[in-house]
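Peer 1: Supplied in structure tokens, the structure appears directly below.
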Amino acid sequence: MRKQKHYNPSLVRLCLAGALFVALTFVKLLLPEQTELFRSELREAIGRDADYSAALLQLGNTLSGGGASGALSALGLAQSESARALLPEFSARGTASPALPRLSAPGTADEAGEDAPAAQDAAEEEETPEVVAAFLESQAEFSDYAVPASVTYDMPELPFEYSSPVEGYTSSGFGYRLHPLEGEVKFHYGTDFAAWTGTDILAFADGTVGMAGWDAGYGNYIIINHAGGWRTLYAHCSELLVSAGESVTKGQRIALVGGTGQVTGPHLHLELTCDGVYYNPEFYLA
């Protein structure tokens with residue numbers, strides 16, 4: 001009786017890995033369009049229970065005949081749609097196979113090499129604007145304070161043209177600060193522009209005057225409604241030049257700088273909101 005041969009599974013698997021390396025190299029050089037499909041099937045081949053000695057023999061015969069698809073068939077590999085996705089790296093004994101580079105799992109940006117540039121472009125587009133980065137750095141000392149729920153540090157594009165409302169310099173910016181009158185850290189919901197009393201205050205953008213009046217804190221103030229739900233508030237004015245319901249245009253003279261309300265000196269307090277959320281006016285006036 002003919003003695004039946006027994007094969008060492010580990011040795012056979014190692015030989016199979018070497019044969020697959022040769023096969024992949026062959027396909028990559030002579031049939032580049034089939035490389036991705038062939039590579040995607042290798043892991044399944046390594047893990048499947050099969051007659052490896054017969055498979056290796058048939059693989060060699062098929063490759064010598066010049067057919068990558070035949071080589072896959074020799075290993076019993078199905079060409080399903082799910083199998084076309086690139087798989088993570090594999091190894092014969094827990095070490096990385098030299099035949100395959102490290103690949104990302106299916107569904108990641110590196111899956112077909114086409115999403116990586118797009119992801120990089122998106123990251124560049126989402127890069128923090130310089131003016132926002134400078135503001136965040138200035139607020140670093142107040143990192144222990146939570147950002148108020150009605151505040152955002154985002155800088156969305158405004159749906160209208162706009163311009164600076166006054167000729168002056170920023171004396172107190174948006175964000176947390178030591179309150180000049182109360183002597184404690186409080187959030188400042190607008191930006192103060194120091195200017196001489198009587199300096200013209202101009203409309204930030206086209207809109208309609210929603211309110212014009214007096215407040216104990218704001219003094220004489222004006223609120224203008226703009227397109228898209230946006231609003232601007234101008235406070236501490238010495239004189240108001242427009243009334244509620246009046247239409248105004250960007251750059252129109254609407255009031256004069258003053259020191260009414262709770263202030264330490266003449267300035268314009270400007271606030272920018274949209275749907276009840278406060279935005280930093282300085283982002284658009286830098």
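Chain labels A, B, ... are given in the sequence in which chains occur in the structure tokens; within each chain residues are numbered consecutively from 1, and ligands are likewise numbered from 1 in the order shown.
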Need to verify the contact set: A:Asp192, 8 Å, only C-alpha atoms, exclusion of same-chain residues closer than 2 positions in sequence. Can you return it as a PyMOL selection string?
Peer 2: chain A and resi 170-173+190+194+267-270
Peer 1: Selected residues, N, CA and C atoms, written as a CSV table (one decimal), in the first residue's frame, please.
Peer 2:
```csv
chain,number,residue,atom,x,y,z
A,170,THR,N,-9.4,99.4,18.9
A,170,THR,CA,-10.0,98.5,19.8
A,170,THR,C,-9.5,98.7,21.2
A,171,SER,N,-10.3,99.1,22.1
A,171,SER,CA,-9.9,99.3,23.5
A,171,SER,C,-10.2,98.2,24.4
A,172,SER,N,-11.2,97.4,24.0
A,172,SER,CA,-11.6,96.2,24.8
A,172,SER,C,-12.3,95.2,23.9
A,173,GLY,N,-11.6,94.0,23.7
A,173,GLY,CA,-12.1,93.1,22.7
A,173,GLY,C,-13.2,92.2,23.2
A,190,GLY,N,-19.3,92.0,23.1
A,190,GLY,CA,-19.0,92.9,21.9
A,190,GLY,C,-17.6,93.4,21.9
A,194,ALA,N,-12.5,102.7,20.9
A,194,ALA,CA,-12.3,104.0,21.5
A,194,ALA,C,-12.3,105.1,20.4
A,267,HIS,N,-16.7,105.8,23.7
A,267,HIS,CA,-16.4,104.7,22.7
A,267,HIS,C,-17.6,104.1,22.1
A,268,LEU,N,-17.5,103.3,21.1
A,268,LEU,CA,-18.6,102.6,20.5
A,268,LEU,C,-18.5,101.1,20.9
A,269,HIS,N,-19.6,100.6,21.5
A,269,HIS,CA,-19.7,99.2,21.8
A,269,HIS,C,-20.5,98.6,20.7
A,270,LEU,N,-19.8,97.6,19.9
A,270,LEU,CA,-20.5,97.0,18.8
A,270,LEU,C,-20.7,95.5,19.1
```
Peer 1: May I have the residues within 7 Å of stretch 174-178 of chain A as a list in words, using only C-alpha atoms and disregarding those fewer than 4 positions away in the same chain?
Peer 2: Gln139, Phe142, Gly183, Glu184, Val185, Lys186, Phe187, His188, Tyr189, Gly190, Thr191 and Asn280 of chain A
Peer 1: Output as number ranges by chain all residues of stretch 109-199 of chain A that backbone DSSP marks as alpha helix (DSSP H).
Peer 2: A: 115-125, 130-138
Peer 1: Run DSSP on the backbone and grab whatever in stretch 134-272 of chain A lands in strand (DSSP E or B); send it over as a PyMOL selection string.
Peer 2: chain A and resi 151+169-172+175-178+185-188+191-194+200-202+207-215+219-225+230-240+247-248+253-258+267-272
Peer 1: How far is it from atom CA of A:Gly198 to atom CA of A:His179, in Å with one decimal?
Peer 2: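 Taking atom CA of A:Gly198 and atom CA of A:His179, their separation equals 25.0 Å.
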Peer 1: What is the distance, in Å and to one decimal place, between atom CA of A:Glu182 and atom CA of A:Leu285?
Peer 2: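 Result for atom CA of A:Glu182 versus atom CA of A:Leu285: 27.8 Å, one decimal.
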